[in-house]
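**Q** Submitted below is the structure of interest, expressed as structure tokens.
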Amino acid sequence: MSKWFADLNPQQKEAVETIEGPLLVLSGAGSGKTLVITRRIAYLMEQGIAPEHILAVTFTNKAAAEMRERLRAMVGHTAKKVTLSTFHSLGLQMLRAERNRGKNKKPFVIFDQADQMACLRELSRTVRLDRSLDLGSLLARIGGFKNAFLDPEQVPASEDEYQHAAATLYGAYCQAMEAYAAFDFDDLICTPTRMMERSAPCRRRWSGRFRYVLVDEYQDTNSAQLRMLKALVSLHSNLCAVGDDDQSIYGWRGAEVRNILKFDSDFPAGKVIYLMRNYRSVGSVLALANAVIAKNENRHPKSMVAHRAEGSAVKMVVNEDGESEAEWVAKRMAHYREEKKYRLSQIAVLYRSNRLARALESALRAQNITYRVVGGQSYFDRKEVKDLIAYLKLCVHPADSLSLRRVINWPARGIGPVTLARLAEWAEQRQMPLYSALPKADQILGSSDRARKAVAGFVALMDKTRKRLSTHAAVPEAVRDLIDDIGMKADIFNAASSGKVAERRWASVQDFLDGLGRHCQGPGSATLATYLSKIALNELEKDQEQDSGEQVTLSTLHGAKGLEFPLVFLLGVEEGFLPHERVMNPASNDAGGGDLSEERRLCYVGITRAKDELVMTRAAQRMIHGQMRDRAPSRFLTDLPKELFETEDHTIVLSPEESKKRLEEIRKMLSR
DNA sequence: TGCTATGTTATTTTT
DNA sequence: TAACATAGCA
């Protein structure tokens, strides 16, 4: 018997050793999913399958890194030879490889969401468009078109205002992306998929290379990713999909729960294995989770079985309002810290909406409890870093007119909107990238001496920098020179409201340089271009991961997926948050109708994060949009047998005499 | 260019 | 309520 499944339960073992043909592993929360995936890869290798033929796809870099590490611990350095990456990084790799085969070797840039938005904002100026429309919503719909592989002219006409506007914008958007030689995240999936679908040799190449394919979090795949997988396994059907339909919480981002529900029709003659033994949570927590999720329809019917003992009862704590809720949680933590019942790092506070974190943060500070907030603004989203990145993108790829617009007058060098408009018009008429207008500034701008000089100065700067970057060594030095040349330091210190802010901004520029330096010292192929794509795909190690100390984790329910904690506080378990108000009353710009079942799954995900103890809280009333509102308990819990959790009510209850007295007082005030 | 007054909006955010 | 954006002004 293989050593890789000696200690597994029968279903886990079956999932590891079923290596041929389609296999769906429905792995409930805490059922040892990552263990099974990594063991399976090790087992494949033990069976003599070359690691080069194995592909494991995840959604996040974190998951990929974690898997890689666990695999390395099992099989050593050969773990490196397994292709273990995110969908997007796989797509990028395929795209690069295919372009290198063909004639098209032009460099390209990757647009993240901010870049996409900037692009749309730019377009919405030329394409006449109702300015009140929400660009984010339009972008989401354009993503929908892309993932359905629709060409702009194929988009069905629609009455819906947003759908209509998105369709109008879609063509212009595609053109712009082409002109910039830019690929967005959707393109990274769709383009390689289209290549495979259109060309049998291409399909054979990739399907032949990756003979055993694993996908993690299958419930989160969208329709394009499904098509990508279908093409990838077209030669052999060796697809192992691992996921849990009950944990599908990204439907609003295009994920299709249906994919995991209709697995057997997409990949016929496959096998389905249920991993239903839960090793994570105590019985009481699991019972509640099972009861909550059981009410959903359209799911693989299943129920987790507790491996652990019953544990202490789940609690629901009702407080007067949002502030007292936060305060109560913080005080309870302070208490635990003193009693040493839990270390702070073992505690998480989860909530549906970030807004709930605010009250909590101040309550925690008041109790001197350190915390970390999962997610939050990324380091590369900071303005100063983004500006610098735009310069570098432009150096690598002059056709990226968006980056050019971003930096052409930053720091200010006298190229104002009028000058820019003239240059843009010239380029527009000739269907050329904006950059190509710059060397012609003399003839385009005519009289304006100042502007001409400014543009010439900018061109000289870019030429100089590009030359420095291309001369073999010293990429970081070249960037440092660029920073000096543009006077970035002075600009940061002038622009900032306080010295402290400036110091911090300047420090992030330094951090960026350090990161770049480290990257360039890495393996041979490390270039500025690869660094930029890593930034776009969020693939760089987060250097300031400060989970060193003792701190409580604060996270949205979405951010908590895949995590687990001995003690979990689940905040705002109320109508309006769970399910969210927005789902019950969708705004006009929301795509499809609100999905109540996804809200229930979100609740389920929250509950199943808890290992030993779960405390849910809600407030009797809460400040919503500046108004105090009464809050009702979440429907996901009101219709459950009451022995599943204990309620603890901390709202102020007045005695009959007391309330009579209060009423009298009010009456007096009114009569006066 | 940059600041202030005013208006407006109110989830979730793996890449 | 409070954060953010935009417009208008200096």
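Naming works like this for the structure tokens: A, B, ... for the chains as they're shown, residue 1 at the start of each chain, ligands 1 onward in shown order.
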Report as a VMD selection string all protein, DNA and RNA residues lying within 12 Å of DT4 (chain B), evaluated on only C-alpha atoms (C1' of nucleotides), omitting residues in the same chain fewer than 6 positions from it.

**A** chain C and resid 6 to 10

**Q** Put those residues in a file: N, CA, C and O atoms (P, O5', C5', C4', C3', O3' and C1' of nucleotides), as a compact mmCIF listing (two decimals), in the first residue's frame.

**A**
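Okay, this is what ended up in result24.txt:
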```
# COMPACT_ATOMS: atom_id res chain seq x y z
P DT C 6 -15.74 61.33 -9.78
O5' DT C 6 -16.47 62.72 -10.00
C5' DT C 6 -17.83 62.87 -9.61
C4' DT C 6 -18.13 64.35 -9.46
C3' DT C 6 -17.42 65.24 -10.49
O3' DT C 6 -18.40 66.04 -11.13
C1' DT C 6 -17.09 66.08 -8.31
P DA C 7 -18.03 66.92 -12.41
O5' DA C 7 -18.37 68.39 -11.87
C5' DA C 7 -19.49 68.57 -11.00
C4' DA C 7 -19.36 69.92 -10.32
C3' DA C 7 -18.86 71.04 -11.24
O3' DA C 7 -19.61 72.22 -10.97
C1' DA C 7 -17.42 70.83 -9.38
P DG C 8 -19.56 73.44 -11.97
O5' DG C 8 -19.33 74.65 -10.96
C5' DG C 8 -19.57 74.49 -9.56
C4' DG C 8 -18.56 75.32 -8.79
C3' DG C 8 -18.02 76.53 -9.56
O3' DG C 8 -18.01 77.64 -8.67
C1' DG C 8 -16.23 75.25 -8.73
P DC C 9 -17.85 79.11 -9.23
O5' DC C 9 -16.69 79.66 -8.31
C5' DC C 9 -16.68 79.35 -6.91
C4' DC C 9 -15.25 79.30 -6.42
C3' DC C 9 -14.42 80.53 -6.79
O3' DC C 9 -13.88 81.09 -5.60
C1' DC C 9 -13.23 78.53 -7.25
P DA C 10 -13.52 82.62 -5.60
O5' DA C 10 -12.00 82.61 -5.13
C5' DA C 10 -11.57 81.79 -4.04
C4' DA C 10 -10.10 81.52 -4.22
C3' DA C 10 -9.27 82.75 -4.62
O3' DA C 10 -8.20 82.91 -3.71
C1' DA C 10 -8.82 80.92 -6.06
```

**Q** Which residues of chain A are close to chain B, meaning at most 10 Å apart when you count only C-alpha atoms (C1' of nucleotides), and how do they look as a PDB file with N, CA, C and O atoms, in the first residue's frame?

**A**
```
ATOM      1  N   THR A  58      -5.280  26.528  -8.812  1.00  0.00           N
ATOM      2  CA  THR A  58      -5.978  27.120  -7.669  1.00  0.00           C
ATOM      3  C   THR A  58      -6.501  28.495  -8.081  1.00  0.00           C
ATOM      4  O   THR A  58      -6.272  28.934  -9.199  1.00  0.00           O
ATOM      5  N   PHE A  59      -7.154  29.154  -7.161  1.00  0.00           N
ATOM      6  CA  PHE A  59      -7.627  30.499  -7.458  1.00  0.00           C
ATOM      7  C   PHE A  59      -6.699  31.569  -6.915  1.00  0.00           C
ATOM      8  O   PHE A  59      -6.580  32.642  -7.467  1.00  0.00           O
ATOM      9  N   THR A  60      -6.077  31.265  -5.791  1.00  0.00           N
ATOM     10  CA  THR A  60      -5.231  32.285  -5.175  1.00  0.00           C
ATOM     11  C   THR A  60      -3.780  31.833  -5.144  1.00  0.00           C
ATOM     12  O   THR A  60      -3.482  30.636  -5.118  1.00  0.00           O
ATOM     13  N   ASN A  61      -2.930  32.813  -5.150  1.00  0.00           N
ATOM     14  CA  ASN A  61      -1.509  32.522  -5.034  1.00  0.00           C
ATOM     15  C   ASN A  61      -1.197  31.889  -3.697  1.00  0.00           C
ATOM     16  O   ASN A  61      -0.323  31.050  -3.584  1.00  0.00           O
ATOM     17  N   LYS A  62      -1.938  32.326  -2.707  1.00  0.00           N
ATOM     18  CA  LYS A  62      -1.714  31.806  -1.364  1.00  0.00           C
ATOM     19  C   LYS A  62      -1.958  30.303  -1.335  1.00  0.00           C
ATOM     20  O   LYS A  62      -1.151  29.539  -0.804  1.00  0.00           O
ATOM     21  N   ALA A  63      -3.075  29.889  -1.926  1.00  0.00           N
ATOM     22  CA  ALA A  63      -3.397  28.465  -1.951  1.00  0.00           C
ATOM     23  C   ALA A  63      -2.338  27.699  -2.725  1.00  0.00           C
ATOM     24  O   ALA A  63      -1.918  26.613  -2.314  1.00  0.00           O
ATOM     25  N   THR A  86      -2.137  29.506 -10.298  1.00  0.00           N
ATOM     26  CA  THR A  86      -3.503  30.000 -10.358  1.00  0.00           C
ATOM     27  C   THR A  86      -3.987  29.921 -11.804  1.00  0.00           C
ATOM     28  O   THR A  86      -3.190  29.804 -12.733  1.00  0.00           O
ATOM     29  N   PHE A  87      -5.278  29.998 -11.969  1.00  0.00           N
ATOM     30  CA  PHE A  87      -5.849  30.003 -13.310  1.00  0.00           C
ATOM     31  C   PHE A  87      -5.192  31.088 -14.157  1.00  0.00           C
ATOM     32  O   PHE A  87      -4.837  30.864 -15.313  1.00  0.00           O
ATOM     33  N   HIS A  88      -5.064  32.265 -13.568  1.00  0.00           N
ATOM     34  CA  HIS A  88      -4.591  33.389 -14.364  1.00  0.00           C
ATOM     35  C   HIS A  88      -3.123  33.276 -14.700  1.00  0.00           C
ATOM     36  O   HIS A  88      -2.714  33.616 -15.811  1.00  0.00           O
ATOM     37  N   SER A  89      -2.349  32.789 -13.771  1.00  0.00           N
ATOM     38  CA  SER A  89      -0.941  32.656 -14.054  1.00  0.00           C
ATOM     39  C   SER A  89      -0.707  31.528 -15.066  1.00  0.00           C
ATOM     40  O   SER A  89       0.170  31.619 -15.928  1.00  0.00           O
ATOM     41  N   ASP A 112      -4.984  45.339 -14.520  1.00  0.00           N
ATOM     42  CA  ASP A 112      -5.773  44.918 -13.374  1.00  0.00           C
ATOM     43  C   ASP A 112      -7.069  45.724 -13.369  1.00  0.00           C
ATOM     44  O   ASP A 112      -7.322  46.527 -14.265  1.00  0.00           O
ATOM     45  N   GLN A 113      -7.856  45.525 -12.342  1.00  0.00           N
ATOM     46  CA  GLN A 113      -9.175  46.142 -12.353  1.00  0.00           C
ATOM     47  C   GLN A 113      -9.105  47.662 -12.393  1.00  0.00           C
ATOM     48  O   GLN A 113      -9.892  48.310 -13.079  1.00  0.00           O
ATOM     49  N   ASP A 184      -6.591  41.892 -19.983  1.00  0.00           N
ATOM     50  CA  ASP A 184      -7.135  41.946 -18.624  1.00  0.00           C
ATOM     51  C   ASP A 184      -7.242  40.526 -18.072  1.00  0.00           C
ATOM     52  O   ASP A 184      -6.904  39.561 -18.754  1.00  0.00           O
ATOM     53  N   PHE A 185      -7.702  40.410 -16.848  1.00  0.00           N
ATOM     54  CA  PHE A 185      -7.732  39.085 -16.213  1.00  0.00           C
ATOM     55  C   PHE A 185      -8.597  38.103 -16.992  1.00  0.00           C
ATOM     56  O   PHE A 185      -8.265  36.927 -17.096  1.00  0.00           O
ATOM     57  N   ASP A 186      -9.689  38.584 -17.525  1.00  0.00           N
ATOM     58  CA  ASP A 186     -10.548  37.692 -18.301  1.00  0.00           C
ATOM     59  C   ASP A 186      -9.819  37.196 -19.546  1.00  0.00           C
ATOM     60  O   ASP A 186      -9.932  36.031 -19.921  1.00  0.00           O
ATOM     61  N   LEU A 188      -6.751  36.635 -19.886  1.00  0.00           N
ATOM     62  CA  LEU A 188      -5.744  35.635 -19.546  1.00  0.00           C
ATOM     63  C   LEU A 188      -6.347  34.235 -19.542  1.00  0.00           C
ATOM     64  O   LEU A 188      -5.650  33.246 -19.741  1.00  0.00           O
ATOM     65  N   ASP A 220     -15.918  27.698  -7.591  1.00  0.00           N
ATOM     66  CA  ASP A 220     -15.666  29.096  -7.912  1.00  0.00           C
ATOM     67  C   ASP A 220     -15.304  29.329  -9.375  1.00  0.00           C
ATOM     68  O   ASP A 220     -15.029  30.456  -9.783  1.00  0.00           O
ATOM     69  N   ILE A 249     -19.352  31.318  -2.899  1.00  0.00           N
ATOM     70  CA  ILE A 249     -19.751  32.651  -2.437  1.00  0.00           C
ATOM     71  C   ILE A 249     -19.277  33.749  -3.382  1.00  0.00           C
ATOM     72  O   ILE A 249     -19.251  34.921  -3.033  1.00  0.00           O
ATOM     73  N   TYR A 250     -18.868  33.347  -4.587  1.00  0.00           N
ATOM     74  CA  TYR A 250     -18.402  34.350  -5.532  1.00  0.00           C
ATOM     75  C   TYR A 250     -19.255  34.408  -6.798  1.00  0.00           C
ATOM     76  O   TYR A 250     -18.771  34.792  -7.865  1.00  0.00           O
ATOM     77  N   TRP A 252     -21.415  36.509  -7.550  1.00  0.00           N
ATOM     78  CA  TRP A 252     -21.490  37.907  -8.014  1.00  0.00           C
ATOM     79  C   TRP A 252     -20.276  38.304  -8.832  1.00  0.00           C
ATOM     80  O   TRP A 252     -20.243  39.338  -9.469  1.00  0.00           O
ATOM     81  N   ARG A 253     -19.255  37.440  -8.810  1.00  0.00           N
ATOM     82  CA  ARG A 253     -18.073  37.739  -9.604  1.00  0.00           C
ATOM     83  C   ARG A 253     -18.017  36.851 -10.839  1.00  0.00           C
ATOM     84  O   ARG A 253     -17.007  36.750 -11.493  1.00  0.00           O
ATOM     85  N   ARG A 352     -20.125  40.408   7.565  1.00  0.00           N
ATOM     86  CA  ARG A 352     -20.514  40.435   6.166  1.00  0.00           C
ATOM     87  C   ARG A 352     -19.957  41.660   5.454  1.00  0.00           C
ATOM     88  O   ARG A 352     -19.543  41.608   4.313  1.00  0.00           O
ATOM     89  N   SER A 353     -20.011  42.786   6.179  1.00  0.00           N
ATOM     90  CA  SER A 353     -19.667  44.040   5.533  1.00  0.00           C
ATOM     91  C   SER A 353     -18.540  44.749   6.291  1.00  0.00           C
ATOM     92  O   SER A 353     -18.526  44.776   7.520  1.00  0.00           O
ATOM     93  N   ASN A 354     -17.617  45.288   5.540  1.00  0.00           N
ATOM     94  CA  ASN A 354     -16.477  45.967   6.158  1.00  0.00           C
ATOM     95  C   ASN A 354     -16.879  47.035   7.156  1.00  0.00           C
ATOM     96  O   ASN A 354     -16.150  47.333   8.087  1.00  0.00           O
ATOM     97  N   ARG A 355     -18.048  47.586   6.929  1.00  0.00           N
ATOM     98  CA  ARG A 355     -18.469  48.691   7.786  1.00  0.00           C
ATOM     99  C   ARG A 355     -18.603  48.237   9.235  1.00  0.00           C
ATOM    100  O   ARG A 355     -18.425  49.027  10.150  1.00  0.00           O
ATOM    101  N   GLY A 375      -7.177  41.386   4.087  1.00  0.00           N
ATOM    102  CA  GLY A 375      -7.524  42.165   2.901  1.00  0.00           C
ATOM    103  C   GLY A 375      -7.049  43.588   3.081  1.00  0.00           C
ATOM    104  O   GLY A 375      -5.940  43.824   3.476  1.00  0.00           O
ATOM    105  N   ALA A 412       4.327  67.315 -12.255  1.00  0.00           N
ATOM    106  CA  ALA A 412       3.967  68.353 -13.219  1.00  0.00           C
ATOM    107  C   ALA A 412       5.184  68.841 -13.989  1.00  0.00           C
ATOM    108  O   ALA A 412       6.211  69.183 -13.413  1.00  0.00           O
ATOM    109  N   ALA A 495       3.637  67.477  -1.961  1.00  0.00           N
ATOM    110  CA  ALA A 495       2.209  67.225  -2.114  1.00  0.00           C
ATOM    111  C   ALA A 495       1.535  66.776  -0.815  1.00  0.00           C
ATOM    112  O   ALA A 495       0.369  67.057  -0.591  1.00  0.00           O
ATOM    113  N   ALA A 536       0.913  42.555 -11.297  1.00  0.00           N
ATOM    114  CA  ALA A 536      -0.473  42.551 -11.766  1.00  0.00           C
ATOM    115  C   ALA A 536      -1.221  41.330 -11.249  1.00  0.00           C
ATOM    116  O   ALA A 536      -2.383  41.419 -10.870  1.00  0.00           O
ATOM    117  N   LEU A 537      -0.558  40.207 -11.207  1.00  0.00           N
ATOM    118  CA  LEU A 537      -1.227  38.980 -10.753  1.00  0.00           C
ATOM    119  C   LEU A 537      -1.109  38.785  -9.248  1.00  0.00           C
ATOM    120  O   LEU A 537      -1.466  37.735  -8.733  1.00  0.00           O
ATOM    121  N   ASN A 538      -0.572  39.793  -8.576  1.00  0.00           N
ATOM    122  CA  ASN A 538      -0.522  39.728  -7.125  1.00  0.00           C
ATOM    123  C   ASN A 538       0.354  38.576  -6.648  1.00  0.00           C
ATOM    124  O   ASN A 538       0.083  37.955  -5.636  1.00  0.00           O
ATOM    125  N   GLU A 539       1.398  38.299  -7.382  1.00  0.00           N
ATOM    126  CA  GLU A 539       2.180  37.107  -7.099  1.00  0.00           C
ATOM    127  C   GLU A 539       3.397  37.355  -6.212  1.00  0.00           C
ATOM    128  O   GLU A 539       4.202  36.462  -6.021  1.00  0.00           O
ATOM    129  N   THR A 556     -13.803  39.885   6.538  1.00  0.00           N
ATOM    130  CA  THR A 556     -15.136  39.681   5.984  1.00  0.00           C
ATOM    131  C   THR A 556     -15.332  38.179   5.831  1.00  0.00           C
ATOM    132  O   THR A 556     -14.383  37.397   5.861  1.00  0.00           O
ATOM    133  N   LEU A 557     -16.566  37.791   5.635  1.00  0.00           N
ATOM    134  CA  LEU A 557     -16.840  36.371   5.429  1.00  0.00           C
ATOM    135  C   LEU A 557     -16.141  35.885   4.170  1.00  0.00           C
ATOM    136  O   LEU A 557     -15.626  34.772   4.130  1.00  0.00           O
ATOM    137  N   HIS A 558     -16.114  36.716   3.152  1.00  0.00           N
ATOM    138  CA  HIS A 558     -15.442  36.303   1.925  1.00  0.00           C
ATOM    139  C   HIS A 558     -13.954  36.080   2.158  1.00  0.00           C
ATOM    140  O   HIS A 558     -13.379  35.113   1.664  1.00  0.00           O
ATOM    141  N   GLY A 559     -13.374  36.996   2.924  1.00  0.00           N
ATOM    142  CA  GLY A 559     -11.943  36.903   3.173  1.00  0.00           C
ATOM    143  C   GLY A 559     -11.558  35.721   4.036  1.00  0.00           C
ATOM    144  O   GLY A 559     -10.398  35.322   4.082  1.00  0.00           O
ATOM    145  N   LYS A 561     -12.701  32.629   3.849  1.00  0.00           N
ATOM    146  CA  LYS A 561     -12.821  31.309   3.247  1.00  0.00           C
ATOM    147  C   LYS A 561     -11.465  30.600   3.266  1.00  0.00           C
ATOM    148  O   LYS A 561     -10.458  31.191   2.925  1.00  0.00           O
ATOM    149  N   PHE A 577     -27.827  42.164   6.934  1.00  0.00           N
ATOM    150  CA  PHE A 577     -26.426  41.768   6.706  1.00  0.00           C
ATOM    151  C   PHE A 577     -26.359  40.332   6.202  1.00  0.00           C
ATOM    152  O   PHE A 577     -25.588  39.992   5.321  1.00  0.00           O
ATOM    153  N   HIS A 580     -27.859  40.059   3.077  1.00  0.00           N
ATOM    154  CA  HIS A 580     -27.606  41.476   2.937  1.00  0.00           C
ATOM    155  C   HIS A 580     -28.804  42.176   2.315  1.00  0.00           C
ATOM    156  O   HIS A 580     -29.464  41.647   1.421  1.00  0.00           O
ATOM    157  N   GLU A 581     -29.047  43.371   2.809  1.00  0.00           N
ATOM    158  CA  GLU A 581     -30.115  44.227   2.302  1.00  0.00           C
ATOM    159  C   GLU A 581     -30.140  44.293   0.770  1.00  0.00           C
ATOM    160  O   GLU A 581     -31.165  44.187   0.123  1.00  0.00           O
ATOM    161  N   ARG A 582     -28.955  44.437   0.239  1.00  0.00           N
ATOM    162  CA  ARG A 582     -28.803  44.632  -1.209  1.00  0.00           C
ATOM    163  C   ARG A 582     -29.321  43.442  -2.015  1.00  0.00           C
ATOM    164  O   ARG A 582     -29.725  43.579  -3.168  1.00  0.00           O
ATOM    165  N   VAL A 583     -29.260  42.273  -1.397  1.00  0.00           N
ATOM    166  CA  VAL A 583     -29.719  41.080  -2.098  1.00  0.00           C
ATOM    167  C   VAL A 583     -31.248  41.048  -2.131  1.00  0.00           C
ATOM    168  O   VAL A 583     -31.858  40.613  -3.109  1.00  0.00           O
ATOM    169  N   LEU A 602     -22.908  31.942   2.607  1.00  0.00           N
ATOM    170  CA  LEU A 602     -21.978  32.833   3.279  1.00  0.00           C
ATOM    171  C   LEU A 602     -22.069  32.625   4.798  1.00  0.00           C
ATOM    172  O   LEU A 602     -21.063  32.578   5.505  1.00  0.00           O
ATOM    173  N   ILE A 624     -28.016  52.861  10.535  1.00  0.00           N
ATOM    174  CA  ILE A 624     -27.898  52.498   9.122  1.00  0.00           C
ATOM    175  C   ILE A 624     -28.102  53.755   8.285  1.00  0.00           C
ATOM    176  O   ILE A 624     -29.155  54.383   8.367  1.00  0.00           O
ATOM    177  N   HIS A 625     -27.119  54.135   7.510  1.00  0.00           N
ATOM    178  CA  HIS A 625     -27.190  55.358   6.707  1.00  0.00           C
ATOM    179  C   HIS A 625     -27.612  56.545   7.549  1.00  0.00           C
ATOM    180  O   HIS A 625     -28.463  57.337   7.156  1.00  0.00           O
TER     181      HIS A 625
END
```

**Q** Give me the residues within 10 Å of Ser312 (chain A) as a list in words, counting only C-alpha atoms (C1' of nucleotides) and dropping any in the same chain fewer than 5 places off.

**A**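 Close residues of Ser312 (chain A): Val282, Gly283, Ser284, Val285, Asp612, Glu613, Leu614 and Phe645 of chain A.
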
**Q** List every residue of region 395-590 of chain A that DSSP, applied to the backbone, labels as strand (DSSP E), and write the result as a list in words.

**A**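 Everything in region 395-590 of chain A that counts as strand (DSSP E) is Val552, Thr553, Leu554, Ser555, Thr556, Phe565, Pro566, Leu567, Val568, Phe569 and Leu570 of chain A.
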
**Q** Taking N, CA and C atoms for each residue, export the selection above as a short mmCIF file (atom, residue, chain, number, x, y, z; two decimals), in the first residue's frame.

**A**
```cif
data_model
loop_
_atom_site.label_atom_id
_atom_site.label_comp_id
_atom_site.auth_asym_id
_atom_site.auth_seq_id
_atom_site.Cartn_x
_atom_site.Cartn_y
_atom_site.Cartn_z
N VAL A 552 -5.61 39.51 16.96
CA VAL A 552 -6.90 38.98 16.56
C VAL A 552 -7.05 39.20 15.05
N THR A 553 -7.71 38.29 14.37
CA THR A 553 -7.95 38.46 12.94
C THR A 553 -9.34 39.02 12.70
N LEU A 554 -9.39 40.08 11.91
CA LEU A 554 -10.67 40.66 11.50
C LEU A 554 -10.83 40.40 10.01
N SER A 555 -11.98 39.88 9.64
CA SER A 555 -12.13 39.58 8.22
C SER A 555 -13.59 39.58 7.80
N THR A 556 -13.80 39.88 6.54
CA THR A 556 -15.14 39.68 5.98
C THR A 556 -15.33 38.18 5.83
N PHE A 565 -10.30 29.03 12.88
CA PHE A 565 -9.85 29.59 14.15
C PHE A 565 -10.53 28.86 15.31
N PRO A 566 -9.80 28.68 16.40
CA PRO A 566 -10.42 28.06 17.57
C PRO A 566 -11.67 28.81 18.03
N LEU A 567 -11.59 30.13 18.08
CA LEU A 567 -12.76 30.91 18.51
C LEU A 567 -13.16 31.89 17.41
N VAL A 568 -14.42 31.83 17.03
CA VAL A 568 -14.91 32.74 16.00
C VAL A 568 -16.08 33.57 16.52
N PHE A 569 -15.99 34.86 16.35
CA PHE A 569 -17.14 35.74 16.58
C PHE A 569 -17.73 36.08 15.22
N LEU A 570 -19.01 35.86 15.09
CA LEU A 570 -19.69 36.19 13.83
C LEU A 570 -20.62 37.36 14.11
#
```

**Q** Step one, run DSSP on the backbone; step two, keep only residues of region 81-157 of chain A assigned to helix (DSSP H, G or I); then write them as number ranges by chain.

**A** A: 81, 87-101, 113-126, 135-147, 152-154

**Q** Taking 5 positions as the minimum chain separation for residues in the same chain, which residues sit within 12 Å of Pro10 (chain A) when counting only C-alpha atoms (C1' of nucleotides)? Answer as a compact mmCIF listing (two decimals) with all heavy atoms, in the first residue's frame.

**A**
```txt
# COMPACT_ATOMS: atom_id res chain seq x y z
N PHE A 5 -1.39 7.03 1.44
CA PHE A 5 -2.74 7.03 1.99
C PHE A 5 -2.94 6.09 3.17
O PHE A 5 -4.04 5.72 3.51
CB PHE A 5 -3.82 6.80 0.91
CG PHE A 5 -3.52 5.74 -0.09
CD1 PHE A 5 -3.60 4.40 0.25
CD2 PHE A 5 -3.22 6.10 -1.39
CE1 PHE A 5 -3.36 3.43 -0.71
CE2 PHE A 5 -2.98 5.11 -2.35
CZ PHE A 5 -3.04 3.79 -2.01
N ALA A 15 -10.19 9.04 -3.16
CA ALA A 15 -9.95 10.26 -3.93
C ALA A 15 -8.50 10.35 -4.36
O ALA A 15 -8.19 10.89 -5.42
CB ALA A 15 -10.34 11.48 -3.11
N VAL A 16 -7.61 9.84 -3.55
CA VAL A 16 -6.19 9.90 -3.89
C VAL A 16 -5.84 8.90 -4.97
O VAL A 16 -5.09 9.19 -5.90
CB VAL A 16 -5.32 9.65 -2.62
CG1 VAL A 16 -3.87 9.42 -3.00
CG2 VAL A 16 -5.43 10.84 -1.68
N GLU A 17 -6.43 7.73 -4.90
CA GLU A 17 -5.97 6.69 -5.83
C GLU A 17 -6.79 6.57 -7.11
O GLU A 17 -6.42 5.82 -8.00
CB GLU A 17 -5.86 5.33 -5.11
CG GLU A 17 -7.18 4.77 -4.64
CD GLU A 17 -6.99 3.44 -3.91
OE1 GLU A 17 -5.89 2.87 -3.97
OE2 GLU A 17 -7.96 2.99 -3.27
N VAL A 36 -5.78 15.91 0.78
CA VAL A 36 -6.10 14.98 -0.29
C VAL A 36 -5.45 15.41 -1.61
O VAL A 36 -4.86 14.59 -2.32
CB VAL A 36 -7.63 14.85 -0.46
CG1 VAL A 36 -7.98 14.17 -1.78
CG2 VAL A 36 -8.22 14.06 0.70
N ILE A 273 -16.92 11.53 -5.37
CA ILE A 273 -16.57 11.07 -4.02
C ILE A 273 -16.94 12.17 -3.02
O ILE A 273 -16.67 13.34 -3.25
CB ILE A 273 -15.07 10.75 -3.92
CG1 ILE A 273 -14.74 9.55 -4.82
CG2 ILE A 273 -14.66 10.47 -2.48
CD1 ILE A 273 -13.25 9.27 -4.93
N TYR A 274 -17.57 11.76 -1.94
CA TYR A 274 -17.95 12.72 -0.90
C TYR A 274 -16.98 12.63 0.27
O TYR A 274 -16.79 11.56 0.83
CB TYR A 274 -19.36 12.40 -0.38
CG TYR A 274 -20.48 12.75 -1.33
CD1 TYR A 274 -20.77 11.96 -2.43
CD2 TYR A 274 -21.25 13.89 -1.12
CE1 TYR A 274 -21.80 12.28 -3.29
CE2 TYR A 274 -22.29 14.23 -1.97
CZ TYR A 274 -22.57 13.42 -3.06
OH TYR A 274 -23.59 13.74 -3.91
N LEU A 275 -16.39 13.75 0.60
CA LEU A 275 -15.58 13.80 1.83
C LEU A 275 -16.42 14.53 2.88
O LEU A 275 -16.53 15.74 2.85
CB LEU A 275 -14.27 14.55 1.61
CG LEU A 275 -13.32 14.01 0.55
CD1 LEU A 275 -12.03 14.84 0.54
CD2 LEU A 275 -13.00 12.54 0.79
N MET A 276 -17.04 13.75 3.73
CA MET A 276 -18.03 14.36 4.61
C MET A 276 -17.63 14.29 6.07
O MET A 276 -18.39 14.69 6.94
CB MET A 276 -19.39 13.67 4.42
CG MET A 276 -20.05 14.04 3.10
SD MET A 276 -20.41 15.81 3.03
CE MET A 276 -19.35 16.33 1.71
N ARG A 277 -16.48 13.77 6.35
CA ARG A 277 -16.05 13.73 7.74
C ARG A 277 -15.35 15.04 8.05
O ARG A 277 -14.40 15.41 7.37
CB ARG A 277 -15.11 12.55 7.98
CG ARG A 277 -14.68 12.38 9.41
CD ARG A 277 -14.24 10.97 9.69
NE ARG A 277 -15.37 10.04 9.69
CZ ARG A 277 -16.05 9.74 10.81
NH1 ARG A 277 -15.72 10.27 11.97
NH2 ARG A 277 -17.06 8.89 10.75
```

**Q** What are the residues of chain C that have an atom within 12 Å of an atom of chain A, counting only C-alpha atoms (C1' of nucleotides), as a list in words?

**A**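 Residues of chain C within 12 Å of chain A, counting only C-alpha atoms (C1' of nucleotides): DT1, DA2, DA3 and DT6 of chain C.
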
**Q** Taking only C-alpha atoms into account, which of A:Gln247, A:Lys271, A:Gly322, A:Leu139 comes nearest Leu356 (chain A)?

**A**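 Between A:Gln247, A:Lys271, A:Gly322, A:Leu139, the residue approaching Leu356 (chain A) most closely is A:Gly322.
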